[in-house]
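Enquirer: Just so it is clear, I am handing over upload_31.pdb, which has PDB, C-alpha atoms and all ligand atoms.
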ATOM      1  CA  MET A   6     -22.879  18.582  -0.615  1.00  0.00           C
ATOM      2  CA  ASN A   7     -20.886  21.721  -1.333  1.00  0.00           C
ATOM      3  CA  PHE A   8     -21.799  24.372  -3.912  1.00  0.00           C
ATOM      4  CA  LEU A   9     -19.921  22.701  -6.778  1.00  0.00           C
ATOM      5  CA  GLU A  10     -21.253  19.218  -6.041  1.00  0.00           C
ATOM      6  CA  GLU A  11     -24.786  20.635  -5.994  1.00  0.00           C
ATOM      7  CA  ARG A  12     -24.227  22.281  -9.361  1.00  0.00           C
ATOM      8  CA  ILE A  13     -22.796  19.092 -10.864  1.00  0.00           C
ATOM      9  CA  VAL A  14     -25.867  17.151  -9.697  1.00  0.00           C
ATOM     10  CA  LYS A  15     -28.138  19.833 -11.152  1.00  0.00           C
ATOM     11  CA  ASP A  16     -26.453  20.457 -14.516  1.00  0.00           C
ATOM     12  CA  GLY A  17     -23.750  17.819 -15.088  1.00  0.00           C
ATOM     13  CA  ILE A  18     -24.374  15.043 -17.608  1.00  0.00           C
ATOM     14  CA  VAL A  19     -22.807  11.590 -17.210  1.00  0.00           C
ATOM     15  CA  LYS A  20     -21.610  10.258 -20.550  1.00  0.00           C
ATOM     16  CA  GLU A  21     -20.390   6.851 -21.606  1.00  0.00           C
ATOM     17  CA  GLY A  22     -16.618   6.344 -21.333  1.00  0.00           C
ATOM     18  CA  ASN A  23     -16.201   7.916 -17.888  1.00  0.00           C
ATOM     19  CA  VAL A  24     -16.794  11.439 -19.145  1.00  0.00           C
ATOM     20  CA  LEU A  25     -18.691  14.001 -17.093  1.00  0.00           C
ATOM     21  CA  LYS A  26     -20.037  16.822 -19.225  1.00  0.00           C
ATOM     22  CA  VAL A  27     -20.172  20.147 -17.444  1.00  0.00           C
ATOM     23  CA  ASP A  28     -20.136  22.422 -20.442  1.00  0.00           C
ATOM     24  CA  SER A  29     -23.214  24.415 -19.412  1.00  0.00           C
ATOM     25  CA  PHE A  30     -21.375  25.996 -16.462  1.00  0.00           C
ATOM     26  CA  LEU A  31     -17.682  25.050 -16.345  1.00  0.00           C
ATOM     27  CA  ASN A  32     -15.851  24.556 -19.596  1.00  0.00           C
ATOM     28  CA  HIS A  33     -17.832  25.918 -22.493  1.00  0.00           C
ATOM     29  CA  GLN A  34     -20.457  28.284 -21.119  1.00  0.00           C
ATOM     30  CA  MET A  35     -18.876  29.531 -17.894  1.00  0.00           C
ATOM     31  CA  ASP A  36     -20.672  30.584 -14.704  1.00  0.00           C
ATOM     32  CA  ILE A  37     -18.429  33.321 -13.380  1.00  0.00           C
ATOM     33  CA  GLN A  38     -20.250  33.570 -10.031  1.00  0.00           C
ATOM     34  CA  LEU A  39     -19.514  29.884  -9.509  1.00  0.00           C
ATOM     35  CA  PHE A  40     -15.855  30.458 -10.459  1.00  0.00           C
ATOM     36  CA  ASP A  41     -15.770  33.281  -7.930  1.00  0.00           C
ATOM     37  CA  GLN A  42     -16.975  30.907  -5.183  1.00  0.00           C
ATOM     38  CA  MET A  43     -14.314  28.430  -6.287  1.00  0.00           C
ATOM     39  CA  GLY A  44     -11.663  31.154  -6.071  1.00  0.00           C
ATOM     40  CA  ALA A  45     -12.725  32.016  -2.516  1.00  0.00           C
ATOM     41  CA  GLU A  46     -12.616  28.340  -1.536  1.00  0.00           C
ATOM     42  CA  PHE A  47      -9.113  27.812  -2.997  1.00  0.00           C
ATOM     43  CA  LYS A  48      -7.929  30.967  -1.235  1.00  0.00           C
ATOM     44  CA  LYS A  49      -9.107  29.418   2.055  1.00  0.00           C
ATOM     45  CA  ARG A  50      -7.598  25.998   1.351  1.00  0.00           C
ATOM     46  CA  PHE A  51      -4.195  27.423   0.390  1.00  0.00           C
ATOM     47  CA  GLU A  52      -4.154  29.993   3.209  1.00  0.00           C
ATOM     48  CA  GLY A  53      -0.615  30.812   4.323  1.00  0.00           C
ATOM     49  CA  LYS A  54       1.033  29.559   1.119  1.00  0.00           C
ATOM     50  CA  LYS A  55       3.344  31.999  -0.589  1.00  0.00           C
ATOM     51  CA  ILE A  56       1.785  31.985  -4.084  1.00  0.00           C
ATOM     52  CA  ASN A  57       2.896  34.521  -6.677  1.00  0.00           C
ATOM     53  CA  LYS A  58       1.694  32.869  -9.887  1.00  0.00           C
ATOM     54  CA  ILE A  59      -1.057  30.631 -11.196  1.00  0.00           C
ATOM     55  CA  LEU A  60      -0.334  28.105 -13.906  1.00  0.00           C
ATOM     56  CA  THR A  61      -2.962  26.340 -15.984  1.00  0.00           C
ATOM     57  CA  ILE A  62      -3.326  24.685 -19.367  1.00  0.00           C
ATOM     58  CA  GLU A  63      -5.358  25.785 -22.365  1.00  0.00           C
ATOM     59  CA  ALA A  64      -8.144  25.848 -23.046  1.00  0.00           C
ATOM     60  CA  SER A  65     -10.644  24.992 -20.349  1.00  0.00           C
ATOM     61  CA  GLY A  66      -8.405  25.774 -17.370  1.00  0.00           C
ATOM     62  CA  ILE A  67      -7.961  29.403 -18.360  1.00  0.00           C
ATOM     63  CA  GLY A  68     -11.353  30.821 -17.340  1.00  0.00           C
ATOM     64  CA  ILE A  69     -11.254  29.246 -13.893  1.00  0.00           C
ATOM     65  CA  ALA A  70      -7.614  30.205 -13.362  1.00  0.00           C
ATOM     66  CA  CYS A  71      -8.301  33.857 -14.188  1.00  0.00           C
ATOM     67  CA  VAL A  72     -11.122  34.162 -11.659  1.00  0.00           C
ATOM     68  CA  VAL A  73      -9.133  32.258  -9.024  1.00  0.00           C
ATOM     69  CA  ALA A  74      -6.194  34.590  -9.693  1.00  0.00           C
ATOM     70  CA  MET A  75      -8.338  37.584  -8.694  1.00  0.00           C
ATOM     71  CA  HIS A  76      -8.536  36.085  -5.191  1.00  0.00           C
ATOM     72  CA  PHE A  77      -4.759  35.683  -4.983  1.00  0.00           C
ATOM     73  CA  ASN A  78      -4.006  38.938  -6.817  1.00  0.00           C
ATOM     74  CA  VAL A  79      -1.367  37.251  -8.978  1.00  0.00           C
ATOM     75  CA  PRO A  80      -0.893  36.744 -12.739  1.00  0.00           C
ATOM     76  CA  VAL A  81      -1.947  33.654 -14.667  1.00  0.00           C
ATOM     77  CA  VAL A  82       0.284  31.799 -17.090  1.00  0.00           C
ATOM     78  CA  PHE A  83      -1.261  29.143 -19.294  1.00  0.00           C
ATOM     79  CA  ALA A  84       0.635  26.350 -20.976  1.00  0.00           C
ATOM     80  CA  LYS A  85      -0.022  26.396 -24.713  1.00  0.00           C
ATOM     81  CA  LYS A  86      -0.871  23.212 -26.528  1.00  0.00           C
ATOM     82  CA  SER A  87       1.041  23.234 -29.726  1.00  0.00           C
ATOM     83  CA  LYS A  88       2.352  21.038 -32.459  1.00  0.00           C
ATOM     84  CA  SER A  89       4.380  23.793 -34.051  1.00  0.00           C
ATOM     85  CA  ILE A  90       6.594  25.792 -31.780  1.00  0.00           C
ATOM     86  CA  ASN A  91       5.903  29.361 -32.773  1.00  0.00           C
ATOM     87  CA  ILE A  92       6.122  31.303 -29.564  1.00  0.00           C
ATOM     88  CA  GLU A  93       8.946  33.692 -29.174  1.00  0.00           C
ATOM     89  CA  GLY A  94      12.226  32.692 -27.536  1.00  0.00           C
ATOM     90  CA  ASP A  95      13.030  29.712 -25.363  1.00  0.00           C
ATOM     91  CA  THR A  96      10.291  27.542 -23.966  1.00  0.00           C
ATOM     92  CA  TYR A  97       9.821  24.790 -21.409  1.00  0.00           C
ATOM     93  CA  VAL A  98       8.167  21.828 -23.118  1.00  0.00           C
ATOM     94  CA  ALA A  99       6.336  18.806 -21.672  1.00  0.00           C
ATOM     95  CA  GLU A 100       4.458  15.992 -23.365  1.00  0.00           C
ATOM     96  CA  VAL A 101       0.821  15.570 -22.305  1.00  0.00           C
ATOM     97  CA  GLU A 102      -1.625  12.882 -23.327  1.00  0.00           C
ATOM     98  CA  SER A 103      -5.185  14.193 -23.545  1.00  0.00           C
ATOM     99  CA  PHE A 104      -7.827  12.104 -21.767  1.00  0.00           C
ATOM    100  CA  THR A 105     -10.726  13.566 -23.742  1.00  0.00           C
ATOM    101  CA  HIS A 106      -9.074  13.804 -27.156  1.00  0.00           C
ATOM    102  CA  LYS A 107      -6.880  10.687 -26.923  1.00  0.00           C
ATOM    103  CA  CYS A 108      -3.903  12.408 -28.502  1.00  0.00           C
ATOM    104  CA  LYS A 109      -0.501  13.636 -27.419  1.00  0.00           C
ATOM    105  CA  ASN A 110       0.265  17.326 -27.280  1.00  0.00           C
ATOM    106  CA  GLN A 111       3.369  19.230 -26.452  1.00  0.00           C
ATOM    107  CA  VAL A 112       2.607  21.924 -23.936  1.00  0.00           C
ATOM    108  CA  LEU A 113       4.796  24.980 -23.853  1.00  0.00           C
ATOM    109  CA  VAL A 114       5.511  27.822 -21.480  1.00  0.00           C
ATOM    110  CA  SER A 115       7.840  30.651 -22.392  1.00  0.00           C
ATOM    111  CA  LYS A 116      10.900  30.869 -20.133  1.00  0.00           C
ATOM    112  CA  LYS A 117      10.100  34.567 -19.764  1.00  0.00           C
ATOM    113  CA  PHE A 118       7.055  33.813 -17.617  1.00  0.00           C
ATOM    114  CA  LEU A 119       8.238  31.112 -15.214  1.00  0.00           C
ATOM    115  CA  GLY A 120      11.451  30.983 -13.220  1.00  0.00           C
ATOM    116  CA  GLU A 121      13.164  29.948 -10.011  1.00  0.00           C
ATOM    117  CA  ASP A 122      11.539  32.699  -7.939  1.00  0.00           C
ATOM    118  CA  ASP A 123       8.046  31.501  -8.742  1.00  0.00           C
ATOM    119  CA  HIS A 124       5.784  29.868  -6.150  1.00  0.00           C
ATOM    120  CA  VAL A 125       3.076  28.363  -8.258  1.00  0.00           C
ATOM    121  CA  LEU A 126      -0.521  27.292  -7.700  1.00  0.00           C
ATOM    122  CA  ILE A 127      -1.583  24.973 -10.520  1.00  0.00           C
ATOM    123  CA  ILE A 128      -5.284  25.177 -11.438  1.00  0.00           C
ATOM    124  CA  ASP A 129      -7.276  22.982 -13.802  1.00  0.00           C
ATOM    125  CA  ASP A 130     -10.896  22.053 -14.450  1.00  0.00           C
ATOM    126  CA  PHE A 131     -10.578  18.243 -14.332  1.00  0.00           C
ATOM    127  CA  LEU A 132      -8.264  15.620 -12.935  1.00  0.00           C
ATOM    128  CA  ALA A 133      -8.580  12.196 -14.546  1.00  0.00           C
ATOM    129  CA  ASN A 134      -5.380  10.242 -15.104  1.00  0.00           C
ATOM    130  CA  GLY A 135      -3.160  13.127 -14.107  1.00  0.00           C
ATOM    131  CA  CYS A 136      -1.253  13.553 -17.381  1.00  0.00           C
ATOM    132  CA  ALA A 137      -2.064  17.233 -17.713  1.00  0.00           C
ATOM    133  CA  LEU A 138      -0.977  17.895 -14.114  1.00  0.00           C
ATOM    134  CA  GLN A 139       2.226  15.915 -14.449  1.00  0.00           C
ATOM    135  CA  GLY A 140       3.099  17.969 -17.527  1.00  0.00           C
ATOM    136  CA  LEU A 141       2.488  21.220 -15.663  1.00  0.00           C
ATOM    137  CA  ILE A 142       4.460  20.032 -12.613  1.00  0.00           C
ATOM    138  CA  SER A 143       7.410  19.090 -14.815  1.00  0.00           C
ATOM    139  CA  ILE A 144       7.346  22.535 -16.446  1.00  0.00           C
ATOM    140  CA  VAL A 145       7.527  24.225 -13.017  1.00  0.00           C
ATOM    141  CA  ASN A 146      10.381  21.896 -12.084  1.00  0.00           C
ATOM    142  CA  MET A 147      12.248  22.689 -15.323  1.00  0.00           C
ATOM    143  CA  ALA A 148      11.913  26.368 -14.461  1.00  0.00           C
ATOM    144  CA  GLY A 149      13.360  25.760 -10.980  1.00  0.00           C
ATOM    145  CA  GLY A 150      10.159  27.084  -9.408  1.00  0.00           C
ATOM    146  CA  THR A 151       8.113  25.624  -6.550  1.00  0.00           C
ATOM    147  CA  VAL A 152       4.700  23.984  -6.801  1.00  0.00           C
ATOM    148  CA  GLU A 153       2.898  25.305  -3.704  1.00  0.00           C
ATOM    149  CA  GLY A 154      -0.304  23.472  -4.442  1.00  0.00           C
ATOM    150  CA  ILE A 155      -2.776  22.196  -6.981  1.00  0.00           C
ATOM    151  CA  GLY A 156      -6.431  23.223  -7.184  1.00  0.00           C
ATOM    152  CA  ILE A 157      -8.884  21.211  -9.248  1.00  0.00           C
ATOM    153  CA  ALA A 158     -12.578  21.768  -9.827  1.00  0.00           C
ATOM    154  CA  VAL A 159     -13.620  18.167 -10.504  1.00  0.00           C
ATOM    155  CA  GLU A 160     -11.492  15.120  -9.692  1.00  0.00           C
ATOM    156  CA  LYS A 161     -12.655  11.777 -11.009  1.00  0.00           C
ATOM    157  CA  GLY A 162     -11.650   9.721  -7.989  1.00  0.00           C
ATOM    158  CA  PHE A 163     -12.069   6.413  -9.798  1.00  0.00           C
ATOM    159  CA  GLN A 164      -9.173   7.282 -12.120  1.00  0.00           C
ATOM    160  CA  VAL A 165      -5.565   7.172 -10.999  1.00  0.00           C
ATOM    161  CA  GLY A 166      -4.512  10.841 -11.244  1.00  0.00           C
ATOM    162  CA  GLY A 167      -5.440  11.951  -7.728  1.00  0.00           C
ATOM    163  CA  GLN A 168      -3.594   9.108  -6.063  1.00  0.00           C
ATOM    164  CA  ILE A 169      -0.472   9.616  -8.195  1.00  0.00           C
ATOM    165  CA  ILE A 170      -0.322  13.343  -7.465  1.00  0.00           C
ATOM    166  CA  ARG A 171      -0.988  12.933  -3.709  1.00  0.00           C
ATOM    167  CA  ASN A 172       1.644  10.190  -3.510  1.00  0.00           C
ATOM    168  CA  LEU A 173       4.144  12.651  -4.975  1.00  0.00           C
ATOM    169  CA  GLY A 174       3.503  14.766  -1.860  1.00  0.00           C
ATOM    170  CA  TYR A 175       1.676  17.735  -3.367  1.00  0.00           C
ATOM    171  CA  GLN A 176      -1.194  19.497  -1.615  1.00  0.00           C
ATOM    172  CA  LEU A 177      -3.975  18.641  -4.032  1.00  0.00           C
ATOM    173  CA  GLU A 178      -7.350  20.243  -3.342  1.00  0.00           C
ATOM    174  CA  SER A 179     -10.287  19.107  -5.460  1.00  0.00           C
ATOM    175  CA  LEU A 180     -13.562  20.897  -4.856  1.00  0.00           C
ATOM    176  CA  ALA A 181     -15.598  17.885  -5.964  1.00  0.00           C
ATOM    177  CA  ILE A 182     -14.355  14.300  -6.059  1.00  0.00           C
ATOM    178  CA  VAL A 183     -16.548  11.958  -8.070  1.00  0.00           C
ATOM    179  CA  ASP A 184     -16.162   8.408  -6.786  1.00  0.00           C
ATOM    180  CA  SER A 185     -18.554   6.826  -9.230  1.00  0.00           C
ATOM    181  CA  MET A 186     -21.039   7.790 -11.882  1.00  0.00           C
ATOM    182  CA  ASP A 187     -23.570   5.812 -13.824  1.00  0.00           C
ATOM    183  CA  PRO A 188     -24.420   6.801 -17.399  1.00  0.00           C
ATOM    184  CA  SER A 189     -27.530   4.587 -17.398  1.00  0.00           C
ATOM    185  CA  ASN A 190     -29.367   6.720 -14.836  1.00  0.00           C
ATOM    186  CA  GLY A 191     -27.127   9.793 -14.492  1.00  0.00           C
ATOM    187  CA  THR A 192     -26.367   9.283 -10.790  1.00  0.00           C
ATOM    188  CA  ILE A 193     -23.133  10.654  -9.337  1.00  0.00           C
ATOM    189  CA  GLN A 194     -21.527   9.609  -6.051  1.00  0.00           C
ATOM    190  CA  PHE A 195     -19.187  12.117  -4.368  1.00  0.00           C
ATOM    191  CA  ARG A 196     -16.400  11.354  -1.902  1.00  0.00           C
ATOM    192  CA  GLU A 197     -16.970  12.765   1.609  1.00  0.00           C
ATOM    193  CA  GLN A 198     -14.353  15.451   2.255  1.00  0.00           C
TER     194      GLN A 198
HETATM  195  P1  LIG B 201      -5.865  13.959 -17.231  1.00  0.00           P
HETATM  196  O1  LIG B 201      -4.665  14.550 -17.883  1.00  0.00           O
HETATM  197  O2  LIG B 201      -5.892  14.139 -15.731  1.00  0.00           O
HETATM  198  O3  LIG B 201      -6.095  12.527 -17.637  1.00  0.00           O
HETATM  199  O4  LIG B 201      -7.117  14.719 -17.806  1.00  0.00           O
HETATM  200  C1  LIG B 201      -7.279  16.058 -17.493  1.00  0.00           C
HETATM  201  C2  LIG B 201      -7.823  16.853 -18.652  1.00  0.00           C
HETATM  202  O5  LIG B 201      -8.746  16.078 -19.440  1.00  0.00           O
HETATM  203  C3  LIG B 201      -8.581  18.033 -18.145  1.00  0.00           C
HETATM  204  O6  LIG B 201      -7.831  19.199 -18.375  1.00  0.00           O
HETATM  205  C4  LIG B 201      -9.894  18.049 -18.899  1.00  0.00           C
HETATM  206  O7  LIG B 201      -9.845  19.033 -19.895  1.00  0.00           O
HETATM  207  C5  LIG B 201     -10.007  16.699 -19.545  1.00  0.00           C
HETATM  208  N1  LIG B 201     -10.981  15.781 -18.905  1.00  0.00           N
HETATM  209  C6  LIG B 201     -10.687  14.617 -18.283  1.00  0.00           C
HETATM  210  N2  LIG B 201     -11.792  13.988 -17.877  1.00  0.00           N
HETATM  211  C7  LIG B 201     -12.828  14.765 -18.246  1.00  0.00           C
HETATM  212  C8  LIG B 201     -14.254  14.636 -18.090  1.00  0.00           C
HETATM  213  O8  LIG B 201     -14.825  13.672 -17.546  1.00  0.00           O
HETATM  214  N3  LIG B 201     -14.999  15.646 -18.584  1.00  0.00           N
HETATM  215  C9  LIG B 201     -14.449  16.725 -19.177  1.00  0.00           C
HETATM  216  N4  LIG B 201     -15.291  17.678 -19.608  1.00  0.00           N
HETATM  217  N5  LIG B 201     -13.115  16.877 -19.354  1.00  0.00           N
HETATM  218  C10 LIG B 201     -12.309  15.910 -18.888  1.00  0.00           C
END
Can the structure from this file be put into structure tokens for me?
Ligand code: 5GP

Expert:
Amino acid sequence: MNFLEERIVKDGIVKEGNVLKVDSFLNHQMDIQLFDQMGAEFKKRFEGKKINKILTIEASGIGIACVVAMHFNVPVVFAKKSKSINIEGDTYVAEVESFTHKCKNQVLVSKKFLGEDDHVLIIDDFLANGCALQGLISIVNMAGGTVEGIGIAVEKGFQVGGQIIRNLGYQLESLAIVDSMDPSNGTIQFREQ
């Protein structure tokens, strides 16, 4: 088991409805030392890629993306979830269905912060059905930029997102892939990587 898998076993909580709760260290209270290890690991996995920007989505991707960005020495842009468009100027807009909140959001990125010269690493905390990632990918495409790779903390391998994104040909690196989890006894099975 790697460092993130070990932490998930120690502090993750398996909930009904295919939800893994990791809010004590990943997406509510945040363990910055752990994020730093994740940043170092992504830096290794995307070695040699020309990355000049990190893109994530609010809210829970932002903390991880910022620490990862320190390892790449590049800025972070986060897509804003919004129902009312109130950010200045022109925006790229994609529709994203939330797995956890079961609602549709528009996500927005200002055209000022993403363009055709950008080589983007997309970072997020979870990959479930892949809606959030597909929204972010389409925003990079609208901007004429290049998706160099995608880094995820926890992929739920029993949902379709990972397969969809890999089939599209992207380098998708998930630090922990959960193949199954059982809410009745809290056990979690990880995919060998
Ligand atoms: P997707 O768009 O891939 O279906 O879902 C990704 C988003 O849903 C992530 O950004 C994350 O915020 C949330 N999410 C999906 N599954 C889980 C889960 O099991 N636990 C938590 N905490 N968040 C999840």

Enquirer: What residues have any atom no more than 8 Å from ligand LIG 201 (chain B) when counting only C-alpha atoms and all ligand atoms, and can you list them as JSON, numbers by chain?

Expert: {"A": [23, 24, 25, 26, 27, 28, 32, 62, 64, 65, 66, 101, 102, 103, 104, 105, 129, 130, 131, 132, 133, 134, 135, 136, 137, 138, 139, 161, 166]}

Enquirer: Tell me which of A:Ser29, A:Asn146, A:Asn7, A:Thr151 sits closest to Asn57 in chain A, counting only C-alpha atoms.

Expert: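 Looking only at the distances to Asn57 in chain A, the closest residue turns out to be A:Thr151.
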
Enquirer: Going by the chain IDs and residue numbers used in this file, which residues fall under the PyMOL selection byres (((chain A and resi 112) around 6) and not hetatm)? Write them as a short mmCIF file (atom, residue, chain, number, x, y, z; two decimals) with C-alpha atoms, in the coordinates of the input.

Expert:
data_model
loop_
_atom_site.label_atom_id
_atom_site.label_comp_id
_atom_site.auth_asym_id
_atom_site.auth_seq_id
_atom_site.Cartn_x
_atom_site.Cartn_y
_atom_site.Cartn_z
CA ALA A 84 0.64 26.35 -20.98
CA LYS A 85 -0.02 26.40 -24.71
CA LYS A 86 -0.87 23.21 -26.53
CA VAL A 98 8.17 21.83 -23.12
CA ALA A 99 6.34 18.81 -21.67
CA GLN A 111 3.37 19.23 -26.45
CA LEU A 113 4.80 24.98 -23.85
#

Enquirer: Under the PyMOL selection byres (((chain A and resi 154) around 12) and not hetatm), which residues of this model are included? Write them out as number ranges by chain.

Expert: A: 47-48, 50-60, 124-129, 138, 141-142, 145, 151-153, 155-157, 170-171, 173-179

Enquirer: Provide the CA of Gly44 in chain A to CA of Val72 in chain A distance in Å, to one decimal place.

Expert: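 Here the two named atoms are 6.4 Å from each other.
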